[in-house]
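Notes follow once the structure below has been shown.
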Amino acid sequence: MIYEVSVGDRRLRVEVVTDGRFLIDDVVVATEMVETRRGRQWSVRIAGRSHEVTVLTSDPLRLLVNGTETTASALDERAAAASTGAGSARGGRHELRAPMPGLLKTVHVAEGDVVESGAPLMTLEAMKMENELLAPVRGRVVRLAVGAGTKVEGGAMLAVLEVEE
Amino acid sequence: MIYEVSVGDRRLRVEVVTDGRFLIDDVVVATEMVETRRGRQWSVRIAGRSHEVTVLTSDPLRLLVNGTETTASALDERAAAASTGAGSARGGRHELRAPMPGLLKTVHVAEGDVVESGAPLMTLEAMKMENELLAPVRGRVVRLAVGAGTKVEGGAMLAVLEVEE
Amino acid sequence: MEPGRRRPVALTPPFSAVLVANRGEIAVRVIRACRELGIRSVAVYSDADRDALHVRLADEAYPIGPAAPRESYLAMSKLIDVARRAKCDAVHPGYGFLSENADFADSVRDAGLVFVGPPGDVQRSLGEKTQARRMARDVGVPVAEGTAEPVRDLDHARREAERIGYPVMLKAAGGGGGKGLRAVASASELEAAWRMSSGEAAGAFGNTAMFIEKLIEHARHVEMQFIADTQGAVVWLGERDCSIQRRHQKLIEESPAPSVDDALRERLGDAAVRIARAAGYQNAGTAEFLVDARGAFSFLEVNTRLQVEHPVTELVTGLDLVALQLRIAAGEPLPFAQGDVRRRGAAIECRVTAEDAQSGFVPATGRVALLREPGGPGVRVDSGLFEGLMITSDYDPLLMKVIAHGADRTEALARIRRAVQETIVAGLPTSLAFHAHVLGEPDFVAGRYDTSYVATHWPPRATVALDESAVAAAAVVAVLALRTRSARRPVAPPDGAWSRAGREDGLR
Amino acid sequence: MEPGRRRPVALTPPFSAVLVANRGEIAVRVIRACRELGIRSVAVYSDADRDALHVRLADEAYPIGPAAPRESYLAMSKLIDVARRAKCDAVHPGYGFLSENADFADSVRDAGLVFVGPPGDVQRSLGEKTQARRMARDVGVPVAEGTAEPVRDLDHARREAERIGYPVMLKAAGGGGGKGLRAVASASELEAAWRMSSGEAAGAFGNTAMFIEKLIEHARHVEMQFIADTQGAVVWLGERDCSIQRRHQKLIEESPAPSVDDALRERLGDAAVRIARAAGYQNAGTAEFLVDARGAFSFLEVNTRLQVEHPVTELVTGLDLVALQLRIAAGEPLPFAQGDVRRRGAAIECRVTAEDAQSGFVPATGRVALLREPGGPGVRVDSGLFEGLMITSDYDPLLMKVIAHGADRTEALARIRRAVQETIVAGLPTSLAFHAHVLGEPDFVAGRYDTSYVATHWPPRATVALDESAVAAAAVVAVLALRTRSARRPVAPPDGAWSRAGREDGLR
C-alpha cells in the first residue's frame, strides 16, 4: 500500500514493504520499531537513530518527534487520487532524490539504461547503513546527476527516470 | 449481594445496597465514588473524607489507601460459605459494633424488644453525618451496651441481637 | 539559606485544618504544604472536578456546585459553609478566583476563620491602583506618569491621555490579572479601547473605573517577591522577570532577571519593602515594576496573593513560600531576617497551558491521553494532570508548571530545555511547542527580551527543521497511526521480525 | 554554591558523543546530563529493554544481545564495538555492571575512547581491599582491625579471625556491592560462612580471596563524596548516611548524616581527600566509613564510581555530579575549590525497588499497571518507569529513586514522607510500604539508627492502623475490584446517582 505523507512542510511517498522496511521517496528505509503505547506512541529506530514519536492529536494529526512538535498527514494513494483527482503526482517523470545526506557508494546503471521497477539504481551510505535506491517504476534513466563516491545532501537530485510502457 | 471482606486484620461484612450506599457490619455507610482508573483506582468519599484507593495487586489483593498499603480480600458470602462450609460466621447471635468513632445520638429500641430485619436500632453521629444502625436480621435485643448521648470508639460493642425464627 | 543561619522551625502545625479554596495545580500545591506541616487539608470541587487530583490528595473534599465559577469556586457563602462544617481554622485562597477579593477576606475573618493572605483593608488600599500609586510615590518609589484619580468617563479619559501623552495604557482601576488592560497608541484608538476595557473591567471587577498611565515601550516586567509577618517584619526575597507574556498573560518566568544586577535588585527589594510597610502588609506579596532599557524602574502594582510563578523564588532561595504563608497567618514571626536570605543559582518556569501555541494560543480542550512529566536533576513539576483527565473550557488553561533550577542561568536553561523536551501531554493541543522554541531561541538564550518578545518572536518564521531520519520516523508513524485508526489491530508487532532486523544492524 | 563564587561554566560540550553503558534510571540520568551539555547520547539495550525509557530518550540506541547481563551489559567487546560504530569519544559506565571493572576501563582506553571514571590501575589498587586499607593507614586514616593480606584458605581465615577476635566480617577481597559480605559471630560459624562467601566472591569477581575485619557493632555506614580532576585537585563534597540497609543493600540515604557534626565532617572529608590523593584518583568517588556510637570512624573502602545515592549530594551542594564527571573526564579542571562548596539544607533518598517489603523483600516481577510519580516543592524523581513497563528478574530491582530536599532535616523528612505517600506503582509488589513506615518511625525521625535498624524495625510489630472511614473505603473497593474482575463492566458509574448523594451531603 502506498501513502502520500506530509511531515511539516515536507511531502513524502511512503510504501510499506515488509519487516519494518519502507520505501520512502523511492528509497528503502529499514526501521525497527515497537509500539510503546497502543495507537499513541512508537519507538522507531532507523540505522541506530532512536526516535520516540507520539501522536499528540489525531485530527488534525500532530506528532511529537523526540520532543519536537510537527504537523503531519497520511493518505493512501487511491484516496489521495480520489481527493485530488490527479493520480500519481509526478506523472511520467520520476526524480530520484537523496532521502538523507550520505555518500553515494555505487551507481548500478548508466544513462540510457532501461530498468525494471524495483531494480537497484544506486547505493547510498548514510547513518552507518547502506541504502539501496530502487527504481520506483519501469523506465529509462534519462539523467544521472551524480557519480559514485560523491557526498550528497539530503534531498539532492540523483537521477531522473522516464516511465517506459 | 453480601460479601465477607478483610482489610488488614479487620474483618467486615459488606452488603451493597444502592446508590453508593453500603451496609458495613450492619451500619449504613453512604459513599460517593468515581472510578479514576478502569478497575484499578477509585476515589471514595465518605461523609466528606476523601479516600483514594488503588488496587496494587489483585491476587493477593493489595490496596493502597491514601498512600498506606494494606492487604485485603473479598468473597461473596455464598462462596465464603462454600469455602468454609460454615455458613454465616456469627451463627444465631449478632453483635452490633460502632463502625467508626462518634456520638450515639438516639437509641430506638429497648432490651427485650423484637425487631424486624432492617429496622433502625440506633443513630450514630460520626464525621459530621448521621448513620442509622439497622437490624441485620429479625431478632430480639438481648443486650444494649450503651445509652444515648454516649461517645463511642470505633469497634465498640453497642448491642447484641438474638435471631428469632 | 544555610541551616545554621535559620532559626529552628516550629514543630507544631500552624493550623489544625485549612480549607483550600481553589482547584488545579495550586490547590495541589497548598494541599502538599498542609500535608508536610501536619495540617488537615480540606478541598472543594465543582461538578467538573470530582475526579481532580486536588480532591484525591486532600484529606477531605466537599462538592460546592456547578462548573461555572460563580456557582462554585467564587461562591463565598458555600466556601465558608464548608470551612465551618469541616471545622477548618483557616482558608487559603491560592491565586485567581477569590484570592484578591477583599470582601472574601473580610467574610472569612467575620466567620471566625483566618484568611491566609493580607487583610481585606490592605487588599483594598493596594487593589485600587491610583491609591497604590500614591502610596508608592509617598514613600519615594518611582511610578510611571499616570492619572492620580480613577477615570470614570471617556471625556475625562481623553483629557488625561492628552496630558500624559500617547502611547498610554488603559487599566481597570479596580483589578489586575491583565483584565481591562489595553495599550492605546493614539487618540483615534482611545474610544474603542475605552469601551472594551471598561466593559471587561465591569464584568471582571464590577467596577468600570479606569486608570491611565504612560506606556513604557521595550520595558521588562520585573516583579519583587516580599513577605511580611504580623509583627511588622518585612523581607524581600528576590525578583522574577516575567516579560515573556502574551495578552498580558505570563508564559515564562525566571530569576535572577537577566537585566537586574545586585545594585538594582537591592533598590527593587527596598522599594517593595517600603511599599509593604506603608500598606501595613501581612503575608506574601509581589510588587510589580517596569524596568526600561536604561535600568530605570517604575512601580506598577502589588499582587496581594501567592503568584503562579512562586516556585521560581522557592528554588533560588530554598524557602517554602506556602509554608511561610501558613505560619505567618497563624501569627508566627518570620523565621529569618533580610540578611539570612541566601539566593543560589537560577530558576526558570514554563507555564504549560491548554492553548494551541501553533494557532495563536486559542484555548484547547480534550482528554489527557498520554502524560509524561519530566524528572531528574534540577527539575520540579507542579501539576494537576493525570491520564484520563478531561480538560474543559470552564477554567484557567494552566495545566502544569515545569520549573528548573541550576547553579547559573546556563545550567537552568539547559535543564528546562531538556525537561520541556521530555514532557508529553497528548490528547489536546498545548503551549509546549512555544516553550520548546523560546528556550532555544537566541534572543531568549542571551537574555535579550522585553514584553514585546512574544509579538516579535512567535510564531517563528521557519518551521522546526527535523533531520531526514526524524522525518522518516514521523512519516512511518503517520502511516501507522492512519492504519491503526482505520483497522484497530496492532500494526507494529511489539517484537519479533522487525526487532530482529534491528538486532542485525546493531550487531553486524 | 553562589553563582558569584563559581568560575564560568565552559560552554563547549566536553565530548561530541558518549556511550551510556548501562540501563534503567542511571542510564536515563546520564542521558539527561548529556542532553543538557549538548552531547550526543548513545544507548545500548538487551532484548529485554527495547522499549526502555533510556532507549527512547537517547539520541541513538543499539541492541547488544540477550537479556542475560553476561551476553549484553557485561559484554565489553559489544559495548566497545557500538561505541566505535556510533563514533563516540567517551563511555560512561553508570554504577554496577562494568563500572568498577578495571579491565573494561583499560579496554575503553585502548580503544582510543575516554572512560568516564578513574583509570584501570587506580580501580585495581583501590578495588583490592587489603591494599586500599594499607594505602589508607599509610596516610593516617584509621581502619578497622583486619587482615593485611588477602586470605586464601579456611585455615588461614581461622587464624586471622582468632587474632582479630570475633565477631568479624568476611568480605570478598576483590569486590564490593555487598557480595560475599557476611558477619561471623563465633568460630563455629566460620566454616559455613567461608564457603558461602568465597563461593559468592568467585561467582561475582572470579576471585575467591577473602578479607577479614573486626565487625563493629551498632555502627553507622557513613560515606564521603569526593571528586578529583586530572590536574590533581581533589575536593570533598559532603557525607551521606547509608545505614538503612538490608543484606548490605541500601534502602534510604540522607545528608547531612544525623550523627555527623561539622568537626567530624571535616575529618571525614580530609580522610577521603588524603586517600584519593594517595591513590592518584581521578573523577568522582566515594570513601565508605563506619562511624561507631562514640563518633570514632574507620575506613572501609572506596567506591570508584558514581553512587546510586549521588542525588542526595547534588541536592545539598547544588552541583551536577554527572556533568562534572564528564567535564573532568574531558580534562577540564574542577570549576571550584574546596572553599567554594556550599551545602544547603538536607536531602533524603528512598530507593523504590521491585521487592515485596511485606514478605521479606522477595524480588517481585510484573507489569507497571498504574504509575504516579510525586512532584511539588523539594521533590526530585530519578526513574526509568512508565506504564506498561514489564519488570523482570533479569536485572537489579531498583525501579525509581524519590529524593527530597529541605531547608533542614525536618523539612526534608516532611517532604519525602509526603512524596512517598503520593507515589503509586501498581501492578507488582514494591518496597514502598517499607519506606512509608520508616519515614514515620520515631527512631528514624529522631535520627537514632545504625546498620542494625532494618533487622530491628522491620517488619513493624503492629500493622498500619487505617481509621474506620479508610477501612470502609478499602472494603468497598475490595468488593468493587472483585466484581470488576468477575464481570468486566463499570460498577461505579463515573458520575450520576452516587455523586448526587455526595453533593447533597456536601451542600446540606
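Here's how to read the names in the C-alpha cells: chain A, B, ... by the order shown, residue numbers from 1 in each chain, ligand numbers from 1 in the order shown.
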Proximal residues of chain C relative to chain B (only C-alpha atoms; 8 Å) as a CSV table (one decimal) with N, CA, C and O atoms, in the first residue's frame:
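Contents of out_9.csv, freshly written:
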```csv
chain,number,residue,atom,x,y,z
C,50,ARG,N,-14.8,16.5,40.1
C,50,ARG,CA,-14.9,15.4,41.1
C,50,ARG,C,-13.7,14.5,41.1
C,50,ARG,O,-13.3,14.1,42.2
C,51,ASP,N,-13.1,14.2,39.9
C,51,ASP,CA,-12.0,13.3,39.9
C,51,ASP,C,-10.7,14.0,39.9
C,51,ASP,O,-9.6,13.4,39.7
C,55,VAL,N,-8.8,16.8,44.7
C,55,VAL,CA,-9.8,16.2,45.5
C,55,VAL,C,-9.2,14.9,46.1
C,55,VAL,O,-9.5,14.5,47.3
C,56,ARG,N,-8.4,14.2,45.3
C,56,ARG,CA,-7.9,12.9,45.7
C,56,ARG,C,-6.8,13.0,46.7
C,56,ARG,O,-6.6,12.1,47.6
C,57,LEU,N,-6.0,14.1,46.6
C,57,LEU,CA,-4.9,14.2,47.5
C,57,LEU,C,-5.2,14.8,48.9
C,57,LEU,O,-4.5,14.7,49.8
C,58,ALA,N,-6.4,15.5,48.9
C,58,ALA,CA,-6.8,16.2,50.1
C,58,ALA,C,-7.3,15.2,51.2
C,58,ALA,O,-7.7,14.1,50.8
C,59,ASP,N,-7.3,15.6,52.4
C,59,ASP,CA,-7.9,14.7,53.5
C,59,ASP,C,-9.4,14.6,53.4
C,59,ASP,O,-10.0,13.6,53.6
C,60,GLU,N,-10.0,15.8,53.1
C,60,GLU,CA,-11.4,15.8,52.9
C,60,GLU,C,-11.8,16.6,51.7
C,60,GLU,O,-10.9,17.4,51.2
C,61,ALA,N,-12.9,16.4,51.1
C,61,ALA,CA,-13.3,17.1,49.9
C,61,ALA,C,-14.8,17.3,49.9
C,61,ALA,O,-15.6,16.3,50.2
C,62,TYR,N,-15.3,18.5,49.5
C,62,TYR,CA,-16.7,18.7,49.5
C,62,TYR,C,-17.1,19.4,48.2
C,62,TYR,O,-16.5,20.3,47.7
C,85,ARG,N,-18.3,23.6,58.5
C,85,ARG,CA,-18.7,22.2,58.7
C,85,ARG,C,-17.5,21.3,58.8
C,85,ARG,O,-17.6,20.3,59.6
C,86,ALA,N,-16.4,21.6,58.1
C,86,ALA,CA,-15.3,20.7,58.2
C,86,ALA,C,-14.3,21.1,59.3
C,86,ALA,O,-13.2,20.6,59.4
C,388,GLY,N,-6.4,10.6,31.6
C,388,GLY,CA,-7.8,10.5,31.7
C,388,GLY,C,-8.5,11.7,32.1
C,388,GLY,O,-9.7,11.9,32.0
```
Which of range 69-181 of chain C counts as alpha helix (DSSP H) under DSSP, as JSON, numbers by chain please? {"C": [76, 77, 78, 79, 80, 81, 82, 83, 84, 85, 102, 103, 104, 105, 106, 107, 108, 109, 110, 120, 121, 122, 123, 124, 125, 126, 127, 129, 130, 131, 132, 133, 134, 135, 136, 137, 138, 154, 155, 156, 157, 158, 159, 160, 161, 162, 163, 164]}
Would you put the residues from that selection into a file with C-alpha atoms, as a JSON list (two decimals), in the first residue's frame?
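Okay, this is what ended up in selection00.json:
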```json
[["chain", "number", "residue", "atom", "x", "y", "z"],
["C", 76, "MET", "CA", -18.17, 32.77, 49.12],
["C", 77, "SER", "CA", -21.03, 31.52, 51.29],
["C", 78, "LYS", "CA", -20.62, 27.91, 50.12],
["C", 79, "LEU", "CA", -16.87, 28.03, 50.79],
["C", 80, "ILE", "CA", -17.29, 29.47, 54.26],
["C", 81, "ASP", "CA", -20.07, 26.98, 54.97],
["C", 82, "VAL", "CA", -17.76, 24.07, 54.06],
["C", 83, "ALA", "CA", -14.93, 25.59, 56.12],
["C", 84, "ARG", "CA", -17.25, 25.73, 59.14],
["C", 85, "ARG", "CA", -18.71, 22.25, 58.70],
["C", 102, "ALA", "CA", -11.18, 41.89, 49.91],
["C", 103, "ASP", "CA", -14.80, 41.10, 50.75],
["C", 104, "PHE", "CA", -13.95, 37.39, 50.86],
["C", 105, "ALA", "CA", -11.02, 38.08, 53.18],
["C", 106, "ASP", "CA", -13.40, 40.02, 55.40],
["C", 107, "SER", "CA", -16.14, 37.39, 55.46],
["C", 108, "VAL", "CA", -13.58, 34.69, 56.23],
["C", 109, "ARG", "CA", -12.45, 36.77, 59.19],
["C", 110, "ASP", "CA", -16.03, 37.51, 60.21],
["C", 120, "GLY", "CA", -9.25, 42.93, 53.41],
["C", 121, "ASP", "CA", -8.44, 46.58, 54.05],
["C", 122, "VAL", "CA", -4.82, 46.10, 52.92],
["C", 123, "GLN", "CA", -6.12, 44.40, 49.78],
["C", 124, "ARG", "CA", -8.48, 47.30, 49.14],
["C", 125, "SER", "CA", -5.90, 50.03, 49.53],
["C", 126, "LEU", "CA", -3.45, 48.23, 47.23],
["C", 127, "GLY", "CA", -6.13, 46.95, 44.85],
["C", 129, "LYS", "CA", -4.43, 51.37, 41.53],
["C", 130, "THR", "CA", -4.39, 55.15, 41.87],
["C", 131, "GLN", "CA", -4.30, 54.78, 45.65],
["C", 132, "ALA", "CA", -1.47, 52.23, 45.45],
["C", 133, "ARG", "CA", 0.48, 54.57, 43.17],
["C", 134, "ARG", "CA", 0.01, 57.46, 45.61],
["C", 135, "MET", "CA", 1.20, 55.25, 48.44],
["C", 136, "ALA", "CA", 4.31, 54.28, 46.44],
["C", 137, "ARG", "CA", 5.07, 57.89, 45.47],
["C", 138, "ASP", "CA", 4.70, 58.96, 49.08],
["C", 154, "LEU", "CA", -14.48, 58.88, 28.11],
["C", 155, "ASP", "CA", -14.07, 62.69, 28.11],
["C", 156, "HIS", "CA", -12.04, 62.55, 31.30],
["C", 157, "ALA", "CA", -10.00, 59.75, 29.72],
["C", 158, "ARG", "CA", -9.36, 61.94, 26.61],
["C", 159, "ARG", "CA", -8.08, 64.85, 28.71],
["C", 160, "GLU", "CA", -5.84, 62.62, 30.85],
["C", 161, "ALA", "CA", -4.40, 60.78, 27.84],
["C", 162, "GLU", "CA", -3.57, 64.12, 26.16],
["C", 163, "ARG", "CA", -1.92, 65.37, 29.34],
["C", 164, "ILE", "CA", 0.13, 62.17, 29.79]]
```
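Distance-wise, CA of Glu213 in chain D and CA of Ala144 in chain D end up 6.5 Å apart.
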DSSP strand (DSSP E or B) residues within range 2-116 of chain B, listed as a PyMOL selection string: chain B and resi 2-7+10-18+21-24+27-37+41-46+49-58+61-65+68-76+93-97+102-107+114-115
Length of the CA of Glu111 in chain A to CA of Leu144 in chain A vector [Å]: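 CA of Glu111 in chain A sits 6.2 Å away from CA of Leu144 in chain A.
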Spatial neighbours of Arg143 in chain B, max dist 12 Å, only C-alpha atoms, sep filter under 6 positions, as a ChimeraX atom specification: /B:93-96,109-114,121,157-162
How about saving the chosen residues, C-alpha atoms kept, as a compact mmCIF listing (two decimals), in the first residue's frame?
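Full text of result_26.txt as output:
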```
# COMPACT_ATOMS: atom_id res chain seq x y z
CA ARG B 93 -26.03 -14.10 67.67
CA HIS B 94 -25.39 -10.70 66.13
CA GLU B 95 -23.09 -8.26 67.83
CA LEU B 96 -23.56 -4.66 66.73
CA VAL B 109 -35.17 0.18 71.00
CA ALA B 110 -35.08 -1.30 74.48
CA GLU B 111 -33.67 -4.60 75.70
CA GLY B 112 -36.11 -7.40 75.09
CA ASP B 113 -37.67 -5.77 72.01
CA VAL B 114 -38.08 -7.93 68.97
CA LEU B 121 -31.80 0.40 66.21
CA MET B 157 -19.83 -3.05 71.08
CA LEU B 158 -23.25 -1.37 71.04
CA ALA B 159 -25.85 -4.12 71.25
CA VAL B 160 -26.47 -7.83 70.88
CA LEU B 161 -29.28 -9.39 68.85
CA GLU B 162 -30.53 -12.95 69.17
```
Determine, counting only C-alpha atoms, which protein, DNA and RNA residues have an atom within 8 Å of an atom of Arg417 in chain C; residues of the same chain fewer than 3 positions away are not included. Present the result as number ranges by chain. C: 413-414, 420-421, 436, 439-440; D: 36
What does the file look like for those residues with N, CA and C atoms, as an mmCIF file, in the first residue's frame?
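Saved to again23.cif:
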```
data_model
loop_
_atom_site.group_PDB
_atom_site.id
_atom_site.type_symbol
_atom_site.label_atom_id
_atom_site.label_comp_id
_atom_site.auth_asym_id
_atom_site.auth_seq_id
_atom_site.Cartn_x
_atom_site.Cartn_y
_atom_site.Cartn_z
ATOM 1 N N LEU C 413 18.865 26.900 32.155
ATOM 2 C CA LEU C 413 18.305 26.927 30.802
ATOM 3 C C LEU C 413 18.461 25.563 30.138
ATOM 4 N N ALA C 414 19.643 24.960 30.311
ATOM 5 C CA ALA C 414 19.870 23.630 29.723
ATOM 6 C C ALA C 414 18.883 22.627 30.314
ATOM 7 N N VAL C 420 11.469 20.257 29.170
ATOM 8 C CA VAL C 420 10.340 20.502 28.264
ATOM 9 C C VAL C 420 10.361 19.484 27.127
ATOM 10 N N GLN C 421 11.560 19.138 26.688
ATOM 11 C CA GLN C 421 11.688 18.154 25.605
ATOM 12 C C GLN C 421 11.190 16.780 26.063
ATOM 13 N N ALA C 436 9.262 25.065 23.836
ATOM 14 C CA ALA C 436 10.417 24.402 23.229
ATOM 15 C C ALA C 436 11.151 25.375 22.307
ATOM 16 N N LEU C 439 12.935 28.479 24.399
ATOM 17 C CA LEU C 439 14.078 28.088 25.231
ATOM 18 C C LEU C 439 15.346 27.882 24.401
ATOM 19 N N GLY C 440 15.184 27.736 23.085
ATOM 20 C CA GLY C 440 16.355 27.587 22.228
ATOM 21 C C GLY C 440 16.586 28.800 21.343
ATOM 22 N N GLU D 36 21.788 17.928 28.438
ATOM 23 C CA GLU D 36 21.980 19.282 28.977
ATOM 24 C C GLU D 36 23.319 19.876 28.563
#
```
Near Ala156 in chain B, within 8 Å and counting only C-alpha atoms, which residues show up once chain neighbours fewer than 3 positions away are dropped, as a list in words?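 Once the adjacent positions are removed, what remains is Arg97, Ala98, Val152 and Glu153 of chain B.
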So that I can see what lies close to Arg246 in chain C, please list as a list in words the residues with an atom at most 9 Å from it, counting only C-alpha atoms and leaving out residues fewer than 6 positions away in the same chain.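 That gives Phe361, Thr451, Ser452, Tyr453, Val454 and Ala455 of chain C.
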